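Q: Could you have a look at this structure, given as structure tokens, before my questions?
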Amino acid sequence: MNGQLPDGAMDVHSLPGGAKAALEAVLMVLDQPATEEELAAGLDLTVDAVRALLAELEREYSGYTVKAPDVETASVAGFGSTPRGFELRNIAGGWRIYSRADFADIVGKYVLEGQTARLTQAALETLAVIAYRQPVSRARVSAIRGVNVDSVVRTLAQRGLIEDAGTDPESGAILYRTTSYFLERMGISSVADLPHLSPHLPGLEGIAEFYDADRM
Amino acid sequence: MNGQLPDGAMDVHSLPGGAKAALEAVLMVLDQPATEEELAAGLDLTVDAVRALLAELEREYSGYTVKAPDVETASVAGFGSTPRGFELRNIAGGWRIYSRADFADIVGKYVLEGQTARLTQAALETLAVIAYRQPVSRARVSAIRGVNVDSVVRTLAQRGLIEDAGTDPESGAILYRTTSYFLERMGISSVADLPHLSPHLPGLEGIAEFYDADRM
Amino acid sequence: MAESKPGFEVRLANFTGPFDLLLGLIAKHQLDITEVAIATVTDEFIKYIRKLQKLGEEWALDEASEFLVIAATLLDLKAARLLPAGEVEDDEDIALLEARDLLFARLLQYKAFKHVAGLLGETLHQEGRRFPRQVALEEHFAAMLPELVWKHTPKQFAALAEAALRPKAPQPTAVGLAHLHGSNVSVKEQAEIMGLRLQQESPLTFRALISDADSTLVVVARFLALLELFRDKAVSFDQLSPLADLAVHWTAGTGDWSADNLSEEYEEHL
């Protein structure tokens, strides 16, 4: 059953590390916690199989060498007896990998180092574009600013100044809008209170969305 | 030496999993590649120690059980012989965790944005010229490619693959160079790691100097 | 990428095979460029592109633009080659030989970049199969971040937005025509002006024809217009000695020629 079909026909067991490694690969890059059902759907496994694999990974990361006889895995080598620096946690029904709580002080110190309390010029300009053109996708902000804004958008979201506003029905791209924290910092009560811009500035109509068009 | 002092007095070796797990914990919260120096400073370790630990983790994740006798670790249990679903890579001068390429089809279902849009032939050629001739003006790229490259350059900048590198002192033209995001996307440490151009120049033996002399 | 497609094949009296191979042979000096009938190559290529278009192949444009670059260079190369060279005796000959090598170097360079572009594309694709872990900061860490320093008034913020949203003035391009847009000069218009003038008085020197030009741009436009007129056999030139005044004769009958004949490429304003 080796994938003629583009999706879904992938047999996770045939890959190196098997279903467990595939699950791990997904968990490592997931930003939002995923439910067992979501994981099962993407991996083409039953919810029970996913649940067993999650339990196994959770134990492995905590430093227990496990044998899970009821789970069919290509090889259950497991981890050693030392806990890893990360852990798998189930929070509000969703699973995600986090840095292990034991290391919170070290990680916290690392995170704080090099952090500034000021937004960069690039971040400010990006925020301004989002504020005046919301809801707007990153691709459009990039098109307006002429540079890639991915990391700046992440910083702004982390700072609580912007948030996810659903997806664009056409392109499927995530849209962003400013938050109430942003209004608070600006000292205004709604985005309608933002000063008006010159009416001659272009709106979004003229901006090609390069992710969609994909022709260059 | 358990922390009276808020910072710096933390002994990473005293924690479960030791320095290696602490390093792993930090790797979990990175949102961009971190250099060995940054990691060393954050963990209060020497750069050499961090380098050795990174190499050890890299091997562990790839499924090799390791013994690193020159590294003092609380316990070198190592991983089993199965590759994990993720890998640790040194790219664009920094280290970062990636999902393993084998699982791209599965992980791709969960990661909505980015990565997907492929570059056109025109964009790739322009990118290649900029990568090998940087810093370079659009006029020179156009001269090599024989077509106007303005819109392609704009799109490459929007995608974060190239950026403004100041202006040419003589002509005043904007110069372009590739970004570290380009290196990340290419999976290389620096532009020096790009494949050499000369083998792709058939029959060039006699006129190689023209390329270096940069006259056209 | 279209690596596996059959590609364009050339059929000439002395060579049949893929276009790339033809270039390779010229590169290795195993085929003399002067023996390649570029017109034939071009005809064949146009046929090939038409066929692709009919099949709805989307890379026809890519391939056509590549062909244009290569064909233009081949043409330059051939022109350089056909000029009498013989023994290398003086600086001019050497300059000619250098020009030839430079042209060739340009062609090879273009091919090399095309090739590595393919490699880059492949690498980008392969690397795209790895996804970096870039997750949002865990909440307890995010809460530790220092409080944001915010000093912008709504007015200042609006000014920022104005600046960011204002369309950036396009930079002068490779062809360098963007800076000419200030004054609109049309080759067609200039052809008309000169046509009328020459029909009243012929011959006129080029110097006289541009004596009232108020900018370099007008001079350029008139020069281009003259070339067009010459091609349409509306004018003829004579020049007694190199760098002497160029005399322009009106050769078309009155009313036989109109600026509407000018080719489309010059209808645009410079």
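Labels for the structure tokens follow display order: chains A, B, ..., residues from 1 in each chain, ligands from 1.
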Please find the residues of chain C near chain A - the criterion being any atom within 10 Å, counting only C-alpha atoms - and write them as a ChimeraX atom specification.

A: /C:130-168

Q: Go ahead and save the residues from that selection, with C-alpha atoms, as a compact mmCIF listing (two decimals), in the first residue's frame.

A:
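Result saved to selection_22.txt:
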```txt
# COMPACT_ATOMS: atom_id res chain seq x y z
CA ARG C 130 11.19 19.34 6.78
CA PHE C 131 9.17 21.61 8.99
CA PRO C 132 10.88 23.65 11.68
CA ARG C 133 9.52 23.65 15.18
CA GLN C 134 8.43 27.23 15.66
CA VAL C 135 5.72 27.16 18.25
CA ALA C 136 4.27 30.00 20.23
CA LEU C 137 6.05 30.69 23.46
CA GLU C 138 4.52 28.76 26.34
CA GLU C 139 2.25 31.06 28.26
CA HIS C 140 4.21 31.19 31.46
CA PHE C 141 7.29 32.29 29.48
CA ALA C 142 5.35 34.80 27.42
CA ALA C 143 4.08 36.29 30.67
CA MET C 144 7.68 36.90 31.71
CA LEU C 145 8.38 39.18 28.77
CA PRO C 146 9.03 42.77 29.82
CA GLU C 147 6.07 45.10 29.51
CA LEU C 148 6.05 46.76 26.14
CA VAL C 149 7.24 50.34 25.97
CA TRP C 150 4.66 52.15 23.90
CA LYS C 151 5.12 55.80 23.12
CA HIS C 152 3.13 56.26 19.96
CA THR C 153 0.11 58.51 19.88
CA PRO C 154 -2.68 57.52 17.48
CA LYS C 155 -1.53 60.36 15.24
CA GLN C 156 2.06 59.13 15.10
CA PHE C 157 0.79 55.63 14.52
CA ALA C 158 -1.36 56.86 11.62
CA ALA C 159 1.71 58.57 10.13
CA LEU C 160 3.53 55.24 10.28
CA ALA C 161 0.66 53.55 8.50
CA GLU C 162 0.60 56.27 5.84
CA ALA C 163 4.30 55.75 5.17
CA ALA C 164 3.98 51.98 5.08
CA LEU C 165 0.93 52.00 2.81
CA ARG C 166 2.19 54.61 0.36
CA PRO C 167 3.18 52.87 -2.87
CA LYS C 168 6.94 52.76 -3.22
```

Q: Find the spatial neighbours of Asp102 (chain B), counting only C-alpha atoms, within a cut-off of 10 Å - ignore same-chain residues fewer than 6 positions away - and output them as a PDB file with N, CA, C and O atoms, in the first residue's frame.

A:
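Final output, selection_2.pdb:
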```pdb
ATOM      1  N   VAL A  12       1.896   4.673   7.493  1.00  0.00           N
ATOM      2  CA  VAL A  12       2.854   5.212   8.462  1.00  0.00           C
ATOM      3  C   VAL A  12       3.784   4.131   9.002  1.00  0.00           C
ATOM      4  O   VAL A  12       4.888   4.418   9.439  1.00  0.00           O
ATOM      5  N   LEU A  15       7.302   3.665   7.273  1.00  0.00           N
ATOM      6  CA  LEU A  15       8.337   4.696   7.376  1.00  0.00           C
ATOM      7  C   LEU A  15       9.296   4.379   8.521  1.00  0.00           C
ATOM      8  O   LEU A  15       8.921   3.674   9.463  1.00  0.00           O
ATOM      9  N   PRO A  16      10.515   4.913   8.445  1.00  0.00           N
ATOM     10  CA  PRO A  16      11.483   4.624   9.510  1.00  0.00           C
ATOM     11  C   PRO A  16      10.986   5.163  10.843  1.00  0.00           C
ATOM     12  O   PRO A  16      10.616   6.320  10.943  1.00  0.00           O
ATOM     13  N   GLY A  17      10.950   4.282  11.835  1.00  0.00           N
ATOM     14  CA  GLY A  17      10.433   4.711  13.133  1.00  0.00           C
ATOM     15  C   GLY A  17       8.948   4.434  13.279  1.00  0.00           C
ATOM     16  O   GLY A  17       8.408   4.527  14.373  1.00  0.00           O
ATOM     17  N   ALA A  21       7.091   7.405  15.317  1.00  0.00           N
ATOM     18  CA  ALA A  21       7.922   8.515  14.839  1.00  0.00           C
ATOM     19  C   ALA A  21       7.079   9.503  14.038  1.00  0.00           C
ATOM     20  O   ALA A  21       7.298  10.714  14.107  1.00  0.00           O
ATOM     21  N   ALA A  22       6.124   8.984  13.281  1.00  0.00           N
ATOM     22  CA  ALA A  22       5.254   9.870  12.498  1.00  0.00           C
ATOM     23  C   ALA A  22       4.458  10.774  13.440  1.00  0.00           C
ATOM     24  O   ALA A  22       4.335  11.984  13.219  1.00  0.00           O
ATOM     25  N   ALA A  25       6.713  13.355  14.834  1.00  0.00           N
ATOM     26  CA  ALA A  25       7.020  14.399  13.844  1.00  0.00           C
ATOM     27  C   ALA A  25       5.927  15.462  13.864  1.00  0.00           C
ATOM     28  O   ALA A  25       6.201  16.662  13.852  1.00  0.00           O
TER      29      ALA A  25
ATOM     30  N   GLY B  85      11.023  11.005  15.182  1.00  0.00           N
ATOM     31  CA  GLY B  85      10.242  11.684  14.144  1.00  0.00           C
ATOM     32  C   GLY B  85      10.783  13.067  13.833  1.00  0.00           C
ATOM     33  O   GLY B  85      10.303  13.741  12.934  1.00  0.00           O
ATOM     34  N   PHE B  86      11.782  13.478  14.607  1.00  0.00           N
ATOM     35  CA  PHE B  86      12.328  14.824  14.412  1.00  0.00           C
ATOM     36  C   PHE B  86      13.840  14.741  14.313  1.00  0.00           C
ATOM     37  O   PHE B  86      14.440  13.709  14.610  1.00  0.00           O
TER      38      PHE B  86
ATOM     39  N   ARG C 129      10.318  19.613   2.764  1.00  0.00           N
ATOM     40  CA  ARG C 129       9.706  18.448   3.396  1.00  0.00           C
ATOM     41  C   ARG C 129      10.028  18.384   4.893  1.00  0.00           C
ATOM     42  O   ARG C 129       9.544  17.512   5.601  1.00  0.00           O
ATOM     43  N   ARG C 130      10.893  19.262   5.347  1.00  0.00           N
ATOM     44  CA  ARG C 130      11.191  19.337   6.776  1.00  0.00           C
ATOM     45  C   ARG C 130      10.524  20.588   7.310  1.00  0.00           C
ATOM     46  O   ARG C 130      10.663  21.658   6.738  1.00  0.00           O
TER      47      ARG C 130
END
```

Q: Provide the CA of Asp44 (chain B) to CA of Arg89 (chain B) distance in Å, to one decimal place.

A: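 Taking CA of Asp44 (chain B) and CA of Arg89 (chain B), their separation equals 21.7 Å.
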
Q: Using only C-alpha atoms, pick whichever of B:Ala192, B:Leu161, B:Ala49, B:Leu88 has the shortest atom-to-atom distance to chain A.

A: B:Leu161

Q: Quick one: pick out all alpha helix (DSSP H) residues within region 53-183 of chain A from a backbone DSSP run and write them as an MDAnalysis selection string.

A: chainID A and resid 53:61 104:112 121:133 138:145 150:158 180:183
